[in-house]
>>> print(open('my_file_0.csv').read())   # CSV, C-alpha atoms
chain,number,residue,atom,x,y,z
A,1,MET,CA,29.0,14.5,37.1
A,2,ILE,CA,26.2,12.6,35.2
A,3,LEU,CA,25.8,10.2,38.0
A,4,ASN,CA,25.5,13.0,40.4
A,5,LEU,CA,22.8,14.7,38.2
A,6,LEU,CA,21.0,11.3,38.0
A,7,LYS,CA,20.9,11.0,41.7
A,8,LYS,CA,19.9,14.6,42.2
A,9,TYR,CA,17.1,14.6,39.7
A,10,LYS,CA,15.9,11.0,39.8
A,11,TRP,CA,12.4,11.9,40.8
A,12,HIS,CA,12.2,14.7,38.2
A,13,ILE,CA,13.2,12.3,35.6
A,14,ALA,CA,10.7,9.6,36.8
A,15,VAL,CA,7.9,12.2,36.7
A,16,ILE,CA,8.8,13.5,33.2
A,17,VAL,CA,9.1,9.9,31.8
A,18,GLY,CA,5.7,9.0,33.5
A,19,LEU,CA,4.2,12.1,31.9
A,20,TYR,CA,5.5,11.1,28.4
A,21,ALA,CA,4.1,7.6,29.0
A,22,ALA,CA,0.7,8.9,30.0
A,23,ILE,CA,0.5,11.1,26.9
A,24,SER,CA,1.5,8.2,24.7
A,25,ILE,CA,-1.1,5.9,26.2
A,26,TRP,CA,-3.8,8.5,25.7
A,27,LEU,CA,-2.6,9.0,22.1
A,28,PHE,CA,-2.7,5.2,21.5
A,29,TYR,CA,-6.3,4.9,22.6
A,30,PHE,CA,-7.5,8.2,21.2
A,31,THR,CA,-6.3,7.4,17.7
A,32,ASP,CA,-7.2,3.6,17.9
A,33,SER,CA,-10.1,4.1,15.4
A,34,PRO,CA,-11.0,3.0,11.9
A,35,GLN,CA,-8.6,4.3,9.2
A,36,THR,CA,-9.6,7.8,8.2
A,37,VAL,CA,-6.5,9.0,6.4
A,38,PRO,CA,-5.5,8.0,2.9
A,39,PHE,CA,-3.0,5.2,2.5
A,40,GLU,CA,0.4,6.7,3.3
A,41,TYR,CA,3.5,5.4,1.7
A,42,GLU,CA,7.0,5.7,3.0
A,43,ILE,CA,9.7,4.6,0.6
A,44,HIS,CA,12.9,3.8,2.4
B,1,MET,CA,22.2,32.0,34.3
B,2,SER,CA,25.3,30.0,35.0
B,3,LEU,CA,26.8,27.4,32.7
B,4,ARG,CA,26.2,24.7,35.3
B,5,LYS,CA,22.5,25.6,35.5
B,6,LEU,CA,22.1,25.5,31.7
B,7,ALA,CA,23.8,22.0,31.7
B,8,GLU,CA,21.3,20.8,34.3
B,9,ILE,CA,18.3,22.0,32.3
B,10,ALA,CA,19.7,20.4,29.1
B,11,PHE,CA,20.2,17.2,31.2
B,12,LEU,CA,16.6,17.3,32.3
B,13,VAL,CA,15.4,17.7,28.7
B,14,VAL,CA,17.6,15.1,27.0
B,15,VAL,CA,17.8,12.3,29.6
B,16,PRO,CA,14.1,11.7,30.3
B,17,LEU,CA,13.4,11.8,26.5
B,18,ALA,CA,16.1,9.3,25.8
B,19,ILE,CA,14.9,7.0,28.6
B,20,PHE,CA,11.3,7.3,27.4
B,21,LEU,CA,12.1,6.6,23.7
B,22,LEU,CA,14.3,3.6,24.6
B,23,LEU,CA,11.6,2.1,26.9
B,24,THR,CA,8.8,2.8,24.4
B,25,GLU,CA,10.9,1.1,21.6
B,26,VAL,CA,11.2,-2.0,23.8
B,27,VAL,CA,7.5,-2.0,24.9
B,28,LEU,CA,6.4,-1.6,21.2
B,29,ARG,CA,8.6,-4.4,20.0
B,30,VAL,CA,7.2,-6.7,22.7
B,31,TYR,CA,3.6,-5.6,22.0
B,32,LEU,CA,4.0,-6.0,18.2
B,33,ARG,CA,4.9,-9.7,18.6
B,34,ASN,CA,1.2,-10.3,19.0
B,35,HIS,CA,-0.4,-7.2,17.5
B,36,ILE,CA,-0.2,-5.5,14.1
B,37,PHE,CA,0.1,-1.8,13.3
B,38,TYR,CA,-0.4,-1.0,9.6
B,39,ASP,CA,2.1,1.8,9.5
B,40,VAL,CA,4.8,-0.2,11.2
B,41,GLU,CA,4.1,-3.1,8.7
B,42,MET,CA,4.4,-0.6,5.8
B,43,SER,CA,7.8,0.6,7.0
B,44,ARG,CA,8.9,-3.0,7.4
B,45,TYR,CA,7.7,-3.8,3.9
B,46,ALA,CA,9.7,-0.9,2.5
B,47,LEU,CA,12.8,-2.1,4.3
B,48,ALA,CA,12.5,-5.8,3.6
B,49,LEU,CA,11.2,-5.9,0.0
B,50,LYS,CA,11.6,-2.6,-1.8
B,51,ILE,CA,14.6,-1.5,-3.7
B,52,ASP,CA,15.2,1.6,-5.9
B,53,SER,CA,14.7,1.2,-9.6
B,54,PRO,CA,17.2,3.0,-11.9
B,55,ASP,CA,14.2,4.1,-13.9
B,56,PRO,CA,12.6,7.2,-12.1
B,57,ARG,CA,9.3,6.4,-13.7
B,58,ILE,CA,9.2,3.1,-11.8
B,59,GLY,CA,10.7,4.5,-8.6
B,60,HIS,CA,11.0,1.3,-6.7
B,61,HIS,CA,10.3,-2.4,-7.2
B,62,HIS,CA,10.6,-5.6,-5.3
B,63,ARG,CA,13.8,-7.2,-4.3
B,64,PRO,CA,14.1,-10.5,-6.2
B,65,GLY,CA,14.0,-13.7,-4.2
B,66,ALA,CA,13.1,-12.0,-1.0
B,67,GLU,CA,10.7,-13.1,1.8
B,68,ALA,CA,9.1,-11.2,4.7
B,69,ARG,CA,6.3,-11.7,7.1
B,70,LEU,CA,4.1,-8.7,6.9
B,71,MET,CA,0.6,-8.1,8.3
B,72,GLY,CA,0.7,-11.6,9.6
B,73,VAL,CA,1.2,-13.2,6.2
B,74,THR,CA,4.3,-14.3,4.2
B,75,ILE,CA,5.2,-12.4,1.1
B,76,ARG,CA,7.8,-14.1,-1.2
B,77,THR,CA,9.1,-12.7,-4.4
B,78,ASN,CA,10.4,-14.6,-7.4
B,79,ALA,CA,13.5,-14.0,-9.4
B,80,ASP,CA,11.8,-11.0,-11.1
B,81,GLY,CA,10.5,-9.6,-7.8
B,82,PHE,CA,6.9,-10.6,-8.4
B,83,ARG,CA,4.8,-12.1,-5.6
B,84,ASP,CA,4.3,-15.2,-7.6
B,85,ASP,CA,5.8,-18.6,-8.5
B,86,GLU,CA,8.6,-18.8,-11.0
B,87,TYR,CA,7.4,-18.8,-14.6
B,88,PRO,CA,9.6,-19.4,-17.6
B,89,VAL,CA,9.9,-16.4,-19.9
B,90,ALA,CA,9.3,-18.7,-22.9
B,91,ARG,CA,5.7,-19.6,-23.5
B,92,THR,CA,4.5,-23.0,-22.1
B,93,GLY,CA,1.4,-23.6,-24.1
B,94,SER,CA,-0.9,-22.3,-21.4
B,95,ARG,CA,-2.9,-19.1,-21.7
B,96,ARG,CA,-0.8,-16.3,-20.1
B,97,VAL,CA,-2.4,-13.4,-18.2
B,98,MET,CA,-0.6,-10.6,-16.4
B,99,PHE,CA,-2.1,-8.5,-13.6
B,100,LEU,CA,-0.8,-5.0,-13.1
B,101,GLY,CA,-1.6,-3.1,-9.9
B,102,ASP,CA,-0.6,-1.8,-6.5
B,103,SER,CA,-0.8,-3.3,-3.0
B,104,LEU,CA,-4.4,-4.5,-3.6
B,105,THR,CA,-3.2,-6.6,-6.5
B,106,LEU,CA,-0.1,-7.7,-4.6
B,107,GLY,CA,-2.5,-9.0,-1.9
B,108,TRP,CA,-1.3,-6.9,1.0
B,109,GLY,CA,-2.4,-8.6,4.3
B,110,VAL,CA,-3.8,-11.7,2.5
B,111,GLU,CA,-2.2,-15.2,2.1
B,112,LYS,CA,-1.2,-15.9,-1.5
B,113,GLU,CA,-3.7,-18.7,-1.8
B,114,ALA,CA,-6.5,-16.2,-0.9
B,115,THR,CA,-5.6,-13.4,-3.3
B,116,PHE,CA,-7.8,-12.7,-6.3
B,117,GLU,CA,-4.8,-13.3,-8.5
B,118,HIS,CA,-4.4,-16.9,-7.2
B,119,ARG,CA,-8.2,-17.6,-7.1
B,120,LEU,CA,-8.6,-16.3,-10.7
B,121,GLU,CA,-5.7,-18.5,-11.9
B,122,GLN,CA,-7.4,-21.5,-10.4
B,123,GLN,CA,-10.8,-20.5,-11.8
B,124,LEU,CA,-9.6,-19.6,-15.3
B,125,SER,CA,-7.5,-22.8,-15.4
B,126,ARG,CA,-10.8,-24.8,-15.1
B,127,GLU,CA,-11.7,-23.4,-18.6
B,128,ARG,CA,-8.2,-24.0,-20.0
B,129,PRO,CA,-4.7,-24.1,-18.5
B,130,THR,CA,-3.9,-20.5,-17.6
B,131,GLU,CA,-0.9,-18.8,-16.0
B,132,VAL,CA,-1.7,-15.6,-14.1
B,133,ILE,CA,1.5,-13.6,-13.3
B,134,ASN,CA,1.1,-11.0,-10.6
B,135,LEU,CA,3.1,-7.7,-11.1
B,136,GLY,CA,1.4,-5.9,-8.2
B,137,VAL,CA,3.7,-3.8,-6.1
B,138,GLY,CA,2.7,-1.8,-3.1
B,139,ASN,CA,2.5,2.0,-3.4
B,140,TYR,CA,2.4,1.9,-7.2
B,141,ASN,CA,0.5,4.4,-9.4
B,142,THR,CA,-0.5,3.8,-13.0
B,143,THR,CA,2.7,5.1,-14.4
B,144,GLN,CA,4.8,2.8,-12.3
B,145,GLU,CA,2.6,-0.2,-13.2
B,146,VAL,CA,2.9,0.4,-16.9
B,147,TYR,CA,6.6,1.0,-16.9
B,148,LEU,CA,7.3,-2.1,-14.7
B,149,PHE,CA,5.3,-4.1,-17.2
B,150,LEU,CA,7.3,-2.7,-20.1
B,151,GLU,CA,10.6,-3.4,-18.3
B,152,LYS,CA,9.8,-6.8,-16.8
B,153,GLY,CA,6.4,-8.1,-18.0
B,154,LEU,CA,6.3,-7.6,-21.8
B,155,ARG,CA,9.0,-10.2,-22.5
B,156,TYR,CA,6.7,-12.9,-21.1
B,157,ARG,CA,4.5,-12.2,-24.1
B,158,PRO,CA,1.1,-12.4,-22.4
B,159,ASP,CA,-2.2,-13.1,-24.2
B,160,GLN,CA,-4.0,-10.8,-21.8
B,161,VAL,CA,-3.0,-7.9,-19.5
B,162,VAL,CA,-5.4,-6.7,-16.8
B,163,LEU,CA,-4.7,-3.4,-15.1
B,164,PHE,CA,-6.4,-3.3,-11.7
B,165,TYR,CA,-7.0,0.4,-11.1
B,166,PHE,CA,-7.5,1.9,-7.7
B,167,ILE,CA,-8.5,5.4,-6.7
B,168,ASN,CA,-5.0,6.4,-5.5
B,169,ASP,CA,-3.4,5.4,-8.8
B,170,ALA,CA,-3.4,9.1,-9.8
B,171,GLU,CA,-1.0,9.9,-7.0
B,172,PRO,CA,2.5,11.1,-8.0
B,173,VAL,CA,5.4,8.6,-7.8
B,174,PRO,CA,6.3,8.2,-4.1
B,175,GLN,CA,9.6,9.8,-3.1
B,176,ARG,CA,12.4,8.1,-1.2
B,177,SER,CA,12.4,8.9,2.5
B,178,ARG,CA,15.0,11.5,3.5
B,179,PHE,CA,15.5,9.6,6.8
B,180,PRO,CA,15.5,5.9,5.8
B,181,GLY,CA,17.0,4.7,9.1
B,182,LEU,CA,14.1,6.0,11.1
B,183,GLY,CA,11.8,3.3,9.6
B,184,ARG,CA,13.8,0.7,11.5
B,185,THR,CA,12.6,2.1,14.8
B,186,ARG,CA,9.1,1.2,16.0
B,187,VAL,CA,8.8,4.3,18.2
B,188,VAL,CA,9.3,6.8,15.4
B,189,THR,CA,6.9,5.0,13.1
B,190,PHE,CA,4.3,4.8,15.9
B,191,PHE,CA,4.4,8.5,16.8
B,192,TRP,CA,4.6,9.6,13.2
B,193,SER,CA,1.5,7.5,12.4
B,194,ARG,CA,-0.5,8.4,15.5
B,195,ILE,CA,0.2,12.1,15.5
B,196,LYS,CA,-0.9,12.2,11.8
B,197,ALA,CA,-4.1,10.4,12.8
B,198,LEU,CA,-4.6,12.9,15.7
B,199,ILE,CA,-4.2,15.9,13.5
B,200,SER,CA,-6.6,14.3,11.0
B,201,GLN,CA,-9.2,13.8,13.9
B,202,LEU,CA,-8.9,17.2,15.4
B,203,SER,CA,-8.4,19.5,12.4
B,204,ASP,CA,-10.0,20.3,9.1
B,205,ALA,CA,-7.2,18.5,7.2
B,206,PRO,CA,-8.6,16.7,4.2
B,207,GLY,CA,-9.6,13.1,5.0
B,208,TYR,CA,-9.3,10.2,2.6
B,209,ARG,CA,-12.3,11.4,0.6
B,210,GLU,CA,-11.2,14.9,-0.1
B,211,PHE,CA,-7.6,13.7,-0.7
B,212,TYR,CA,-8.6,11.2,-3.3
B,213,SER,CA,-11.1,13.4,-5.0
B,214,ALA,CA,-8.5,16.2,-5.3
B,215,LEU,CA,-6.3,13.8,-7.4
B,216,TYR,CA,-8.9,14.0,-10.2
B,217,SER,CA,-9.1,17.8,-10.4
B,218,GLU,CA,-8.6,19.3,-13.9
B,219,ASP,CA,-5.1,20.5,-13.0
B,220,SER,CA,-3.9,17.4,-11.2
B,221,PRO,CA,-0.6,16.3,-12.7
B,222,GLY,CA,-1.1,12.7,-11.3
B,223,TRP,CA,-4.3,12.1,-13.2
B,224,ALA,CA,-2.7,13.6,-16.3
B,225,ARG,CA,0.2,11.1,-16.0
B,226,SER,CA,-2.2,8.2,-15.4
B,227,ARG,CA,-4.0,9.0,-18.6
B,228,GLU,CA,-0.7,9.2,-20.5
B,229,SER,CA,0.3,5.8,-19.1
B,230,LEU,CA,-3.0,4.2,-19.9
B,231,THR,CA,-2.8,5.6,-23.4
B,232,LEU,CA,0.8,4.2,-23.8
B,233,LEU,CA,-0.3,0.8,-22.5
B,234,SER,CA,-3.2,0.7,-25.0
B,235,GLU,CA,-0.8,1.5,-27.8
B,236,VAL,CA,1.6,-1.2,-26.8
B,237,ALA,CA,-1.4,-3.7,-26.6
B,238,ARG,CA,-2.3,-2.9,-30.2
B,239,ALA,CA,1.3,-3.1,-31.4
B,240,GLU,CA,2.0,-6.4,-29.5
B,241,GLY,CA,-1.4,-7.9,-30.1
B,242,PHE,CA,-2.5,-8.7,-26.5
B,243,ASP,CA,-5.9,-8.2,-25.0
B,244,LEU,CA,-5.9,-5.3,-22.6
B,245,ARG,CA,-8.5,-4.8,-19.9
B,246,VAL,CA,-9.0,-2.5,-16.9
B,247,VAL,CA,-10.8,-3.4,-13.7
B,248,LEU,CA,-11.7,-0.6,-11.2
B,249,LEU,CA,-11.3,-1.8,-7.7
B,250,PRO,CA,-13.6,-0.2,-5.1
B,251,GLU,CA,-12.3,1.9,-2.2
B,252,LEU,CA,-13.7,0.2,0.9
B,253,HIS,CA,-14.8,3.1,3.1
B,254,GLN,CA,-18.2,3.9,1.7
B,255,LEU,CA,-19.8,1.5,-0.8
B,256,ASP,CA,-23.5,2.6,-0.8
B,257,PRO,CA,-23.7,5.1,-2.3
B,258,TYR,CA,-20.1,4.7,-3.5
B,259,ALA,CA,-17.9,7.6,-2.4
B,260,PHE,CA,-16.0,7.9,-5.6
B,261,GLU,CA,-18.6,7.5,-8.3
B,262,ARG,CA,-17.6,10.7,-10.1
B,263,GLU,CA,-13.9,9.7,-10.2
B,264,HIS,CA,-14.7,6.1,-11.3
B,265,ALA,CA,-16.9,7.6,-14.1
B,266,MET,CA,-13.9,9.7,-15.2
B,267,VAL,CA,-11.6,6.7,-15.4
B,268,ARG,CA,-14.3,4.5,-17.1
B,269,ASP,CA,-15.0,7.1,-19.7
B,270,PHE,CA,-11.3,7.7,-20.4
B,271,VAL,CA,-10.5,3.9,-20.7
B,272,ARG,CA,-13.5,3.3,-23.0
B,273,ALA,CA,-12.5,6.2,-25.2
B,274,LEU,CA,-9.2,4.3,-25.7
B,275,GLY,CA,-11.1,1.3,-27.0
B,276,VAL,CA,-10.2,-0.7,-23.9
B,277,PRO,CA,-12.9,-2.8,-22.1
B,278,VAL,CA,-13.4,-1.7,-18.5
B,279,LEU,CA,-15.1,-3.3,-15.6
B,280,ASP,CA,-16.1,-1.2,-12.5
B,281,LEU,CA,-16.5,-3.4,-9.4
B,282,ALA,CA,-17.9,-0.7,-7.2
B,283,PRO,CA,-21.5,-1.4,-8.0
B,284,ALA,CA,-21.0,-5.1,-7.3
B,285,PHE,CA,-19.9,-4.2,-3.7
B,286,ARG,CA,-23.0,-2.1,-3.0
B,287,GLY,CA,-24.8,-3.5,0.1
B,288,GLU,CA,-21.6,-5.0,1.6
B,289,ASP,CA,-20.6,-3.8,5.1
B,290,PRO,CA,-17.3,-1.9,4.3
B,291,GLN,CA,-15.3,-2.7,7.5
B,292,SER,CA,-16.1,-6.4,7.1
B,293,LEU,CA,-14.0,-6.3,4.0
B,294,TRP,CA,-10.9,-4.6,5.6
B,295,VAL,CA,-7.7,-6.3,6.5
B,296,SER,CA,-7.8,-4.7,9.9
B,297,LEU,CA,-9.3,-1.7,11.7
B,298,ASP,CA,-6.4,0.6,10.8
B,299,ASP,CA,-6.0,-0.8,7.2
B,300,ALA,CA,-8.8,-0.6,4.6
B,301,HIS,CA,-7.0,-3.0,2.1
B,302,PRO,CA,-9.3,-5.8,1.0
B,303,ASN,CA,-9.2,-8.9,3.2
B,304,ALA,CA,-9.5,-12.5,2.0
B,305,ARG,CA,-13.3,-12.3,1.7
B,306,ALA,CA,-13.0,-9.2,-0.4
B,307,HIS,CA,-10.4,-10.8,-2.6
B,308,GLY,CA,-12.9,-13.7,-3.1
B,309,LEU,CA,-15.6,-11.3,-4.2
B,310,ILE,CA,-13.2,-9.5,-6.6
B,311,ALA,CA,-12.3,-12.8,-8.2
B,312,ASP,CA,-15.9,-13.9,-8.5
B,313,TYR,CA,-17.0,-10.6,-10.1
B,314,THR,CA,-14.0,-10.4,-12.5
B,315,ARG,CA,-13.8,-14.0,-13.8
B,316,ASP,CA,-16.4,-13.7,-16.6
B,317,PHE,CA,-14.9,-10.3,-17.7
B,318,LEU,CA,-11.5,-11.9,-18.3
B,319,LEU,CA,-13.1,-14.8,-20.3
B,320,GLU,CA,-15.0,-12.5,-22.6
B,321,SER,CA,-12.2,-12.5,-25.2
B,322,GLY,CA,-8.8,-13.6,-26.1
B,323,PRO,CA,-7.3,-16.9,-27.1
>>> encode(input="my_file_0.csv", output="structure tokens")
Amino acid sequence: MILNLLKKYKWHIAVIVGLYAAISIWLFYFTDSPQTVPFEYEIH
Amino acid sequence: MSLRKLAEIAFLVVVPLAIFLLLTEVVLRVYLRNHIFYDVEMSRYALALKIDSPDPRIGHHHRPGAEARLMGVTIRTNADGFRDDEYPVARTGSRRVMFLGDSLTLGWGVEKEATFEHRLEQQLSRERPTEVINLGVGNYNTTQEVYLFLEKGLRYRPDQVVLFYFINDAEPVPQRSRFPGLGRTRVVTFFWSRIKALISQLSDAPGYREFYSALYSEDSPGWARSRESLTLLSEVARAEGFDLRVVLLPELHQLDPYAFEREHAMVRDFVRALGVPVLDLAPAFRGEDPQSLWVSLDDAHPNARAHGLIADYTRDFLLESGP
């Protein structure tokens, strides 16, 4: 069933992944600026 | 709507997202072989070198005997978890100085030989043999610095202890992440970091300036705890007979006029009232181009040149007294 869905919606999937990628590239360049937020610390 | 239709919609939501996240993780890992993201490096730092402390006042400390390459430089920790050589606990006859601080004192993004700790050890040793032991740990506040010293540093019986104070030392003790595994993925760290930056750019959310200033409001619990810890350290210094000094490190966004003059004055006044000598380095950095002192565009930690300036401006202050 999954293979059938992949075949049926392959172009839908490609377009959605492309859209996500475009948004990510925009986010990457738009926020590629000098640090403006305080140092942020994640303790794992 | 039929069950089959619902399944197809769910499929179209989940599958493209999974494919996208997987591809982005691969692309980021390849990209980061030759590039550095500060937030990714901080996550890697937490995973590679930090461990929980049983003492909640310390929160975390460094894994002993560990090594990681972070921000393009190697950080090695000794048997006590300090980014330093091994020193015997017993005194050796050299003058012994301990540096307390956070990631700036640790030398984040700077080779060990270029840190102000190493430079000062070299410079002070020209006057007389001196061991400088670096207790700097990333993300520490004053309370953590003082309690780490009490737990691991005091037994080295230093002649002099220097606390390098930074504007964010009045932050509360950082909490453990609720989702520690996410730090292992580059894609989650990347989007967490960039969405945070986007919100900061587009909204009225407080920037670094408002955030740090708010730490010093009258009702700020972090500043109150910093004062308690400084008081405790000054009492220990008197009881144990070592020379205690405080150096205020500048925040490197705006140096002329300095963005945190009011906050530095508060710290200076408080430390002086304790009878502890204090040196504020912010005036010495006036006239410097701030970004020329940064580790990278997305990381305002002091770079090697800034570490050199810190060492040069601090040297005489450390020689003013003590055996």
>>> closest_residue(input="my_file_0.csv", among="B:Lys112, B:Lys196, B:Arg95, B:Arg155", to="chain A", atoms="only C-alpha atoms")
B:Lys196
>>> residues_around(input="my_file_0.csv", residues="Val17 in chain A", least_positions_apart="4", cutoff="9 Å", atoms="all atoms listed in the file", output="PyMOL selection string")
(chain A and resi 12-13+21-22) or (chain B and resi 16-17+19-20)
>>> atom_distance(input="my_file_0.csv", atom1="CA of Tyr208 in chain B", atom2="CA of Val295 in chain B")
17.0 Å
>>> residues_around(input="my_file_0.csv", residues="Asp80 in chain B", least_positions_apart="5", cutoff="12 Å", atoms="all atoms listed in the file", output="count of residues only")
23
>>> residues_near_point(input="my_file_0.csv", point="(-1.7, -10.5, -30.9)", cutoff="10 Å", atoms="only C-alpha atoms", output="PyMOL selection string")
chain B and resi 157-160+237-243+322-323
>>> atom_distance(input="my_file_0.csv", atom1="CA of Leu12 in chain B", atom2="CA of Ile25 in chain A")
21.9 Å
>>> closest_residue(input="my_file_0.csv", among="B:Glu218, B:Asp298, B:Asp316, B:Glu228", to="Tyr38 in chain B", atoms="all atoms listed in the file")
B:Asp298
>>> residues_around(input="my_file_0.csv", residues="Asp32 in chain A", least_positions_apart="3", cutoff="10 Å", atoms="only C-alpha atoms", output="VMD selection string")
(chain A and resid 26 to 29 35) or (chain B and resid 194 197 to 198 297 to 298)
>>> interface_residues(input="my_file_0.csv", of="chain B", to="chain A", cutoff="9 Å", atoms="only C-alpha atoms", output="VMD selection string")
chain B and resid 8 11 to 12 15 to 17 19 to 20 24 39 42 to 43 46 to 47 50 to 52 60 138 to 139 168 174 to 181 183 190 to 191 194 to 198 200 to 201 206 to 209 211 to 212 253 291 296 to 300
>>> atom_distance(input="my_file_0.csv", atom1="CA of Val278 in chain B", atom2="CA of Asn141 in chain B")
17.7 Å
>>> residues_around(input="my_file_0.csv", residues="Glu67 in chain B", least_positions_apart="5", cutoff="8 Å", atoms="all atoms listed in the file", output="MDAnalysis selection string")
chainID B and resid 48:49 74:77
